[in-house]
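**Q** Pasting in a structure now, in C-alpha coordinates, and then I'll have a few things to ask.
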Amino acid sequence: MTGSRPKTSPLDALRPAAFGADPSGERMARIRRSPNFADGVFTNPVAASIAPSGSMLKYLPTYFRKEERARRAPAGNVPVYPTALAELAAPPASGLRLTWMGHSTVLAEIDGRRVLFDPVWGQRCSPFAFVGPRRLHPAPVPLRELGRVDAVVISHDHYDHLDMPSVRALARTGTSFFVPLGIGAHLEHWGVPAEQTTELDWRESAKIAGLTLTATPARHFCGRGLRNTQHTLWASWVVAGPEHRVFHSGDTGYFPGFAEIGAEYGPFDATMIQIGAYSELWPDIHMTPDEGMRAHRDLQGGSSGAPGETLEIGDAPGGIMLPIHWGTFNLAPHPWHEPAEGTVAAAERAGATVATPRPGQPFEPASPPPVDP
(Lines give C-alpha, C1' and ligand atoms only; values in the text may rest on other atoms or scores of the structure.)
Protein backbone atom coordinates (compact mmCIF):
# COMPACT_ATOMS: atom_id res chain seq x y z
CA MET A 1 0.00 0.00 0.00
CA THR A 2 1.36 3.40 -0.91
CA GLY A 3 0.60 6.83 0.43
CA SER A 4 0.83 10.27 -1.09
CA ARG A 5 4.02 12.06 -0.24
CA PRO A 6 3.74 14.42 2.75
CA LYS A 7 4.39 18.09 2.22
CA THR A 8 8.05 18.96 2.50
CA SER A 9 9.83 21.87 4.13
CA PRO A 10 13.41 23.18 3.99
CA LEU A 11 14.11 21.31 7.23
CA ASP A 12 13.44 17.97 5.48
CA ALA A 13 16.78 18.29 3.72
CA LEU A 14 18.46 18.08 7.13
CA ARG A 15 16.52 14.97 8.17
CA PRO A 16 18.68 11.83 7.88
CA ALA A 17 17.28 9.25 5.46
CA ALA A 18 17.49 6.66 8.24
CA PHE A 19 14.74 8.49 10.12
CA GLY A 20 12.39 7.13 7.48
CA ALA A 21 9.07 8.78 6.67
CA ASP A 22 5.76 9.39 8.40
CA PRO A 23 2.69 7.56 7.08
CA SER A 24 0.36 9.70 4.98
CA GLY A 25 -2.45 9.52 2.44
CA GLU A 26 -4.13 6.14 1.98
CA ARG A 27 -1.65 4.50 4.37
CA MET A 28 -2.60 6.91 7.18
CA ALA A 29 -6.29 6.46 6.41
CA ARG A 30 -5.92 2.71 6.91
CA ILE A 31 -4.09 3.32 10.19
CA ARG A 32 -6.96 5.48 11.44
CA ARG A 33 -9.39 2.64 10.68
CA SER A 34 -7.41 0.18 12.79
CA PRO A 35 -9.16 -1.01 15.98
CA ASN A 36 -5.78 -0.63 17.67
CA PHE A 37 -5.55 3.11 16.87
CA ALA A 38 -7.27 5.57 19.19
CA ASP A 39 -6.96 9.28 19.93
CA GLY A 40 -4.31 9.71 17.26
CA VAL A 41 -1.95 6.91 18.36
CA PHE A 42 -1.58 3.15 18.31
CA THR A 43 -2.38 1.66 21.71
CA ASN A 44 -1.07 -1.35 23.60
CA PRO A 45 -3.15 -4.44 24.40
CA VAL A 46 -2.41 -3.72 28.06
CA ALA A 47 -1.55 -0.22 29.26
CA ALA A 48 2.21 0.36 29.33
CA SER A 49 4.40 3.15 30.58
CA ILE A 50 6.79 3.87 27.71
CA ALA A 51 9.11 6.39 29.38
CA PRO A 52 8.62 6.57 33.15
CA SER A 53 9.08 10.01 34.58
CA GLY A 54 12.75 10.74 35.26
CA SER A 55 13.88 7.36 33.93
CA MET A 56 16.65 8.74 31.74
CA LEU A 57 17.97 10.96 34.54
CA LYS A 58 18.21 7.85 36.72
CA TYR A 59 19.75 5.78 33.93
CA LEU A 60 22.49 8.16 32.72
CA PRO A 61 24.69 7.99 35.87
CA THR A 62 24.68 4.19 35.61
CA TYR A 63 25.38 4.33 31.89
CA PHE A 64 28.51 6.45 32.27
CA ARG A 65 29.85 4.93 35.51
CA LYS A 66 33.11 3.14 34.60
CA GLU A 67 32.56 -0.05 36.60
CA GLU A 68 29.01 -0.38 35.31
CA ARG A 69 30.10 0.11 31.70
CA ALA A 70 32.65 -2.70 32.08
CA ARG A 71 29.91 -5.13 33.14
CA ARG A 72 27.86 -4.37 30.05
CA ALA A 73 30.49 -5.63 27.60
CA PRO A 74 32.22 -9.03 27.33
CA ALA A 75 35.75 -9.27 28.68
CA GLY A 76 36.87 -11.08 25.51
CA ASN A 77 35.59 -11.73 22.02
CA VAL A 78 32.09 -13.15 21.57
CA PRO A 79 32.66 -16.53 19.82
CA VAL A 80 30.94 -16.18 16.46
CA TYR A 81 30.23 -19.53 14.77
CA PRO A 82 32.74 -20.01 11.93
CA THR A 83 31.05 -22.36 9.44
CA ALA A 84 27.48 -21.10 9.19
CA LEU A 85 27.42 -20.67 5.41
CA ALA A 86 28.65 -24.20 4.76
CA GLU A 87 26.05 -25.69 7.08
CA LEU A 88 23.25 -23.55 5.66
CA ALA A 89 24.00 -24.88 2.19
CA ALA A 90 22.31 -28.19 3.05
CA PRO A 91 18.57 -28.27 3.88
CA PRO A 92 17.55 -29.07 7.47
CA ALA A 93 16.87 -32.75 7.99
CA SER A 94 13.83 -32.07 10.16
CA GLY A 95 12.38 -29.31 7.97
CA LEU A 96 12.99 -26.59 10.57
CA ARG A 97 16.24 -24.82 11.35
CA LEU A 98 17.00 -21.54 13.14
CA THR A 99 20.13 -19.42 12.91
CA TRP A 100 20.47 -16.58 15.41
CA MET A 101 22.61 -13.87 13.83
CA GLY A 102 22.69 -11.77 17.01
CA HIS A 103 20.23 -9.50 18.83
CA SER A 104 16.77 -10.17 17.30
CA THR A 105 17.95 -11.21 13.84
CA VAL A 106 17.04 -14.83 13.11
CA LEU A 107 17.02 -16.81 9.87
CA ALA A 108 14.25 -19.40 10.07
CA GLU A 109 14.16 -22.19 7.50
CA ILE A 110 10.64 -23.59 7.57
CA ASP A 111 9.44 -26.43 5.36
CA GLY A 112 11.70 -25.52 2.47
CA ARG A 113 11.31 -21.72 2.78
CA ARG A 114 13.52 -19.06 4.36
CA VAL A 115 12.24 -16.23 6.56
CA LEU A 116 14.53 -13.53 7.97
CA PHE A 117 13.34 -11.73 11.10
CA ASP A 118 14.48 -8.19 12.00
CA PRO A 119 17.65 -8.12 9.85
CA VAL A 120 20.26 -5.79 11.34
CA TRP A 121 23.71 -6.03 9.80
CA GLY A 122 24.80 -2.47 10.62
CA GLN A 123 27.68 -1.65 12.95
CA ARG A 124 25.48 0.64 15.04
CA CYS A 125 21.76 0.66 15.80
CA SER A 126 21.50 4.37 15.14
CA PRO A 127 20.58 6.80 12.36
CA PHE A 128 24.18 8.00 12.42
CA ALA A 129 27.38 6.10 11.59
CA PHE A 130 29.46 7.89 14.23
CA VAL A 131 27.34 7.55 17.38
CA GLY A 132 24.99 5.04 18.97
CA PRO A 133 25.24 1.50 20.39
CA ARG A 134 27.94 -0.44 18.55
CA ARG A 135 28.00 -4.19 17.92
CA LEU A 136 29.74 -6.37 20.50
CA HIS A 137 30.52 -8.96 17.82
CA PRO A 138 30.68 -8.94 14.03
CA ALA A 139 27.79 -10.21 11.96
CA PRO A 140 28.48 -13.95 11.68
CA VAL A 141 27.48 -14.15 8.00
CA PRO A 142 27.94 -11.43 5.35
CA LEU A 143 24.49 -10.35 4.22
CA ARG A 144 25.46 -10.51 0.55
CA GLU A 145 26.40 -14.18 0.99
CA LEU A 146 23.30 -15.23 2.93
CA GLY A 147 21.42 -16.15 -0.23
CA ARG A 148 17.84 -15.64 -1.24
CA VAL A 149 15.17 -15.37 1.44
CA ASP A 150 11.47 -15.78 0.71
CA ALA A 151 10.30 -13.22 3.26
CA VAL A 152 11.71 -10.53 5.52
CA VAL A 153 9.63 -9.92 8.65
CA ILE A 154 9.97 -6.69 10.67
CA SER A 155 8.61 -6.43 14.22
CA HIS A 156 8.77 -2.63 14.63
CA ASP A 157 10.71 0.43 13.55
CA HIS A 158 13.30 0.94 16.30
CA TYR A 159 16.86 1.09 14.99
CA ASP A 160 17.94 -2.22 16.50
CA HIS A 161 15.18 -3.97 14.49
CA LEU A 162 14.80 -1.91 11.31
CA ASP A 163 18.18 -1.14 9.74
CA MET A 164 18.07 0.99 6.59
CA PRO A 165 21.22 -0.39 4.88
CA SER A 166 20.11 -3.97 5.52
CA VAL A 167 16.64 -3.25 4.15
CA ARG A 168 18.03 -1.63 1.01
CA ALA A 169 20.39 -4.55 0.39
CA LEU A 170 17.63 -7.11 0.82
CA ALA A 171 15.20 -5.12 -1.34
CA ARG A 172 17.61 -5.38 -4.26
CA THR A 173 17.23 -9.17 -4.15
CA GLY A 174 13.51 -8.85 -4.84
CA THR A 175 12.43 -10.46 -1.58
CA SER A 176 9.07 -9.65 0.03
CA PHE A 177 8.74 -7.61 3.23
CA PHE A 178 6.03 -8.18 5.83
CA VAL A 179 5.67 -5.34 8.32
CA PRO A 180 3.18 -3.89 10.83
CA LEU A 181 0.95 -1.02 9.75
CA GLY A 182 2.74 2.20 8.85
CA ILE A 183 6.24 0.79 8.50
CA GLY A 184 5.77 0.60 4.75
CA ALA A 185 6.28 4.39 4.74
CA HIS A 186 9.88 3.90 5.86
CA LEU A 187 10.52 1.22 3.25
CA GLU A 188 8.95 3.28 0.49
CA HIS A 189 11.12 6.25 1.52
CA TRP A 190 14.19 4.02 1.15
CA GLY A 191 13.26 2.92 -2.34
CA VAL A 192 11.61 -0.46 -1.66
CA PRO A 193 9.00 -1.02 -4.41
CA ALA A 194 5.45 -0.98 -3.08
CA GLU A 195 4.71 -4.40 -4.56
CA GLN A 196 7.40 -5.95 -2.33
CA THR A 197 5.78 -4.79 0.93
CA THR A 198 2.75 -6.13 2.80
CA GLU A 199 1.52 -4.19 5.86
CA LEU A 200 -0.57 -6.01 8.46
CA ASP A 201 -2.56 -5.07 11.52
CA TRP A 202 -2.68 -7.36 14.53
CA ARG A 203 -4.35 -10.69 13.72
CA GLU A 204 -4.13 -10.11 9.99
CA SER A 205 -2.39 -12.75 7.87
CA ALA A 206 -0.72 -13.02 4.50
CA LYS A 207 0.59 -15.98 2.53
CA ILE A 208 3.79 -16.48 0.58
CA ALA A 209 5.40 -19.61 -0.84
CA GLY A 210 3.20 -21.93 1.22
CA LEU A 211 3.77 -20.05 4.50
CA THR A 212 1.19 -18.08 6.48
CA LEU A 213 2.54 -15.00 8.27
CA THR A 214 0.39 -13.42 10.99
CA ALA A 215 1.03 -10.19 12.88
CA THR A 216 0.09 -10.69 16.52
CA PRO A 217 -0.09 -8.25 19.45
CA ALA A 218 2.90 -7.05 21.46
CA ARG A 219 3.32 -4.56 24.30
CA HIS A 220 5.81 -1.96 23.15
CA PHE A 221 5.98 1.34 21.22
CA CYS A 222 7.36 2.85 18.03
CA GLY A 223 9.31 5.77 16.62
CA ARG A 224 12.68 6.57 15.02
CA GLY A 225 12.65 10.34 14.40
CA LEU A 226 13.01 13.23 16.80
CA ARG A 227 9.35 12.93 17.71
CA ASN A 228 7.39 9.82 18.53
CA THR A 229 3.96 10.03 16.93
CA GLN A 230 2.99 6.36 17.47
CA HIS A 231 1.85 6.18 13.84
CA THR A 232 3.66 2.90 13.17
CA LEU A 233 2.56 -0.33 14.77
CA TRP A 234 4.69 -2.88 16.62
CA ALA A 235 3.99 -6.62 16.49
CA SER A 236 5.02 -10.14 17.33
CA TRP A 237 4.79 -12.67 14.50
CA VAL A 238 3.58 -16.20 13.83
CA VAL A 239 4.93 -18.03 10.79
CA ALA A 240 3.25 -21.33 9.95
CA GLY A 241 4.23 -23.81 7.24
CA PRO A 242 2.66 -27.11 6.24
CA GLU A 243 4.55 -28.96 9.00
CA HIS A 244 6.06 -26.41 11.40
CA ARG A 245 5.25 -23.14 13.07
CA VAL A 246 7.34 -20.58 14.94
CA PHE A 247 6.78 -17.42 16.98
CA HIS A 248 8.97 -14.29 17.09
CA SER A 249 8.20 -11.88 19.93
CA GLY A 250 9.81 -8.72 18.59
CA ASP A 251 10.12 -6.34 21.55
CA THR A 252 7.44 -6.59 24.19
CA GLY A 253 6.60 -6.44 27.83
CA TYR A 254 4.85 -9.40 29.39
CA PHE A 255 1.06 -9.43 29.04
CA PRO A 256 -1.71 -12.06 29.20
CA GLY A 257 -2.12 -11.99 25.43
CA PHE A 258 0.63 -14.57 25.00
CA ALA A 259 -1.75 -17.27 26.18
CA GLU A 260 -4.37 -16.06 23.69
CA ILE A 261 -1.81 -16.14 20.85
CA GLY A 262 -0.80 -19.65 21.85
CA ALA A 263 -4.39 -20.84 21.99
CA GLU A 264 -5.23 -19.41 18.55
CA TYR A 265 -2.02 -20.05 16.61
CA GLY A 266 0.09 -22.49 18.63
CA PRO A 267 1.59 -24.62 19.89
CA PHE A 268 4.95 -23.78 18.34
CA ASP A 269 7.94 -25.88 17.42
CA ALA A 270 10.10 -22.93 18.46
CA THR A 271 9.64 -19.53 20.05
CA MET A 272 12.10 -16.66 19.68
CA ILE A 273 11.62 -14.55 22.79
CA GLN A 274 13.05 -11.16 23.81
CA ILE A 275 14.83 -11.49 27.16
CA GLY A 276 17.37 -8.62 27.08
CA ALA A 277 17.59 -4.82 27.47
CA TYR A 278 15.22 -4.87 30.43
CA SER A 279 15.29 -2.48 33.39
CA GLU A 280 13.17 -1.55 36.35
CA LEU A 281 13.07 1.92 34.75
CA TRP A 282 11.00 0.58 31.81
CA PRO A 283 9.34 -2.60 33.15
CA ASP A 284 6.33 -2.59 30.82
CA ILE A 285 8.00 -2.70 27.39
CA HIS A 286 10.78 -5.33 27.68
CA MET A 287 10.76 -8.71 29.41
CA THR A 288 13.15 -10.11 31.98
CA PRO A 289 14.36 -13.72 31.57
CA ASP A 290 11.69 -15.00 33.96
CA GLU A 291 9.00 -13.09 32.09
CA GLY A 292 10.33 -14.39 28.78
CA MET A 293 10.09 -17.97 30.02
CA ARG A 294 6.60 -17.25 31.30
CA ALA A 295 5.65 -15.97 27.83
CA HIS A 296 7.12 -19.11 26.22
CA ARG A 297 5.05 -21.34 28.49
CA ASP A 298 1.90 -19.30 27.81
CA LEU A 299 2.45 -19.58 24.07
CA GLN A 300 2.77 -23.36 24.37
CA GLY A 301 -0.29 -23.76 26.54
CA GLY A 302 1.69 -24.37 29.73
CA SER A 303 0.80 -23.07 33.17
CA SER A 304 2.90 -19.99 33.88
CA GLY A 305 1.56 -18.99 37.26
CA ALA A 306 1.02 -15.46 38.47
CA PRO A 307 3.39 -12.62 37.51
CA GLY A 308 6.29 -12.51 39.94
CA GLU A 309 5.80 -16.13 40.97
CA THR A 310 8.86 -18.36 40.59
CA LEU A 311 8.49 -20.91 37.81
CA GLU A 312 8.82 -24.49 38.95
CA ILE A 313 9.12 -27.79 37.09
CA GLY A 314 5.85 -29.32 36.06
CA ASP A 315 3.61 -29.38 33.00
CA ALA A 316 6.54 -28.21 30.89
CA PRO A 317 5.37 -27.30 27.39
CA GLY A 318 6.92 -28.77 24.27
CA GLY A 319 8.83 -26.71 21.76
CA ILE A 320 12.13 -24.95 22.23
CA MET A 321 12.80 -21.35 23.26
CA LEU A 322 15.52 -19.30 21.58
CA PRO A 323 16.46 -16.21 23.64
CA ILE A 324 16.85 -13.10 21.48
CA HIS A 325 17.55 -9.37 21.94
CA TRP A 326 20.74 -9.84 23.93
CA GLY A 327 24.50 -10.14 23.45
CA THR A 328 24.94 -7.83 20.45
CA PHE A 329 24.18 -4.25 21.55
CA ASN A 330 24.38 -2.57 24.95
CA LEU A 331 20.91 -1.12 25.46
CA ALA A 332 20.32 -1.44 29.20
CA PRO A 333 22.22 -1.29 32.52
CA HIS A 334 22.35 -5.04 33.18
CA PRO A 335 25.54 -7.10 32.55
CA TRP A 336 25.76 -8.26 28.95
CA HIS A 337 25.57 -11.98 29.80
CA GLU A 338 22.82 -11.77 32.42
CA PRO A 339 19.83 -12.26 30.07
CA ALA A 340 21.08 -15.59 28.72
CA GLU A 341 22.20 -16.91 32.09
CA GLY A 342 18.87 -15.88 33.63
CA THR A 343 16.97 -17.62 30.84
CA VAL A 344 18.92 -20.86 31.25
CA ALA A 345 18.18 -20.79 34.99
CA ALA A 346 14.49 -20.09 34.35
CA ALA A 347 14.33 -22.97 31.87
CA GLU A 348 15.88 -25.34 34.40
CA ARG A 349 13.30 -24.34 37.01
CA ALA A 350 10.45 -24.70 34.53
CA GLY A 351 11.64 -27.93 32.94
CA ALA A 352 11.64 -26.23 29.54
CA THR A 353 14.10 -26.58 26.67
CA VAL A 354 16.18 -23.56 25.73
CA ALA A 355 18.81 -23.07 23.01
CA THR A 356 21.75 -20.71 23.49
CA PRO A 357 23.71 -21.03 20.23
CA ARG A 358 26.67 -18.89 19.29
CA PRO A 359 25.82 -16.12 16.84
CA GLY A 360 25.61 -17.74 13.41
CA GLN A 361 25.26 -21.32 14.68
CA PRO A 362 22.46 -23.10 12.76
CA PHE A 363 20.48 -25.61 14.79
CA GLU A 364 17.35 -27.68 14.40
CA PRO A 365 14.87 -27.48 17.29
CA ALA A 366 14.40 -31.25 16.92
CA SER A 367 18.03 -31.69 18.07
CA PRO A 368 19.16 -28.48 19.80
CA PRO A 369 22.80 -27.82 20.69
CA PRO A 370 23.82 -28.33 24.31
CA VAL A 371 23.89 -25.23 26.48
CA ASP A 372 27.46 -23.92 26.44
CA PRO A 373 28.26 -21.20 29.02
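Ligands are numbered from 1 in the order shown, chains are lettered A, B, ... in the order of the C-alpha coordinates, and residues start at 1 in each chain.
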Skipping near chain neighbours, those fewer than 5 positions away, what residues fall within 10 Å of Gly319 in chain A using only C-alpha atoms, listed as a ChimeraX atom specification?
**A** /A:246,267-271,296-297,299-300,352-354,365-366
**Q** Using only C-alpha atoms, which of the listed residues (A:Ser126, A:Met28, A:Ala48, A:Gly182) sits closest to Gly225 in chain A?
**A**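 Residue with the minimum atom-to-atom distance to Gly225 in chain A: A:Ser126.
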**Q** Would you give me, as a ChimeraX atom specification, the residues in range 94-339 of chain A that DSSP reads as strand (DSSP E)?
**A** /A:96-102,105-110,113-117,151-153,176-180,197-200,205-208,211-216,236-240,245-248,270-274,320-324
**Q** For the contact check between range 327-361 of chain A and range 133-142 of chain A, emit one row per residue of range 327-361 of chain A within 7 Å, containing the shortest atom pair and the distance in Å rounded to one decimal, counting only C-alpha atoms, chain then rising number order, as CSV.
**A**
residue,atom,partner,partner_atom,distance
A:Thr328,CA,A:Leu136,CA,5.0
A:Phe329,CA,A:Arg135,CA,5.3
A:Asn330,CA,A:Pro133,CA,6.2
A:Pro359,CA,A:Pro140,CA,6.2
A:Gly360,CA,A:Pro140,CA,5.1
**Q** Write out as number ranges by chain each polymer residue whose atoms come within 12 Å of Thr198 in chain A, counting only C-alpha atoms; drop sequence neighbours fewer than 5 positions from it.
**A** A: 1-2, 27, 151-154, 175-185, 187-188, 192-193, 204-208, 213-215
**Q** Skip Thr173 in chain A itself and residues of its chain fewer than 5 positions away, then list as number ranges by chain all residues within 12 Å of it, counting only C-alpha atoms.
**A** A: 143-152, 166-168, 192-193, 196
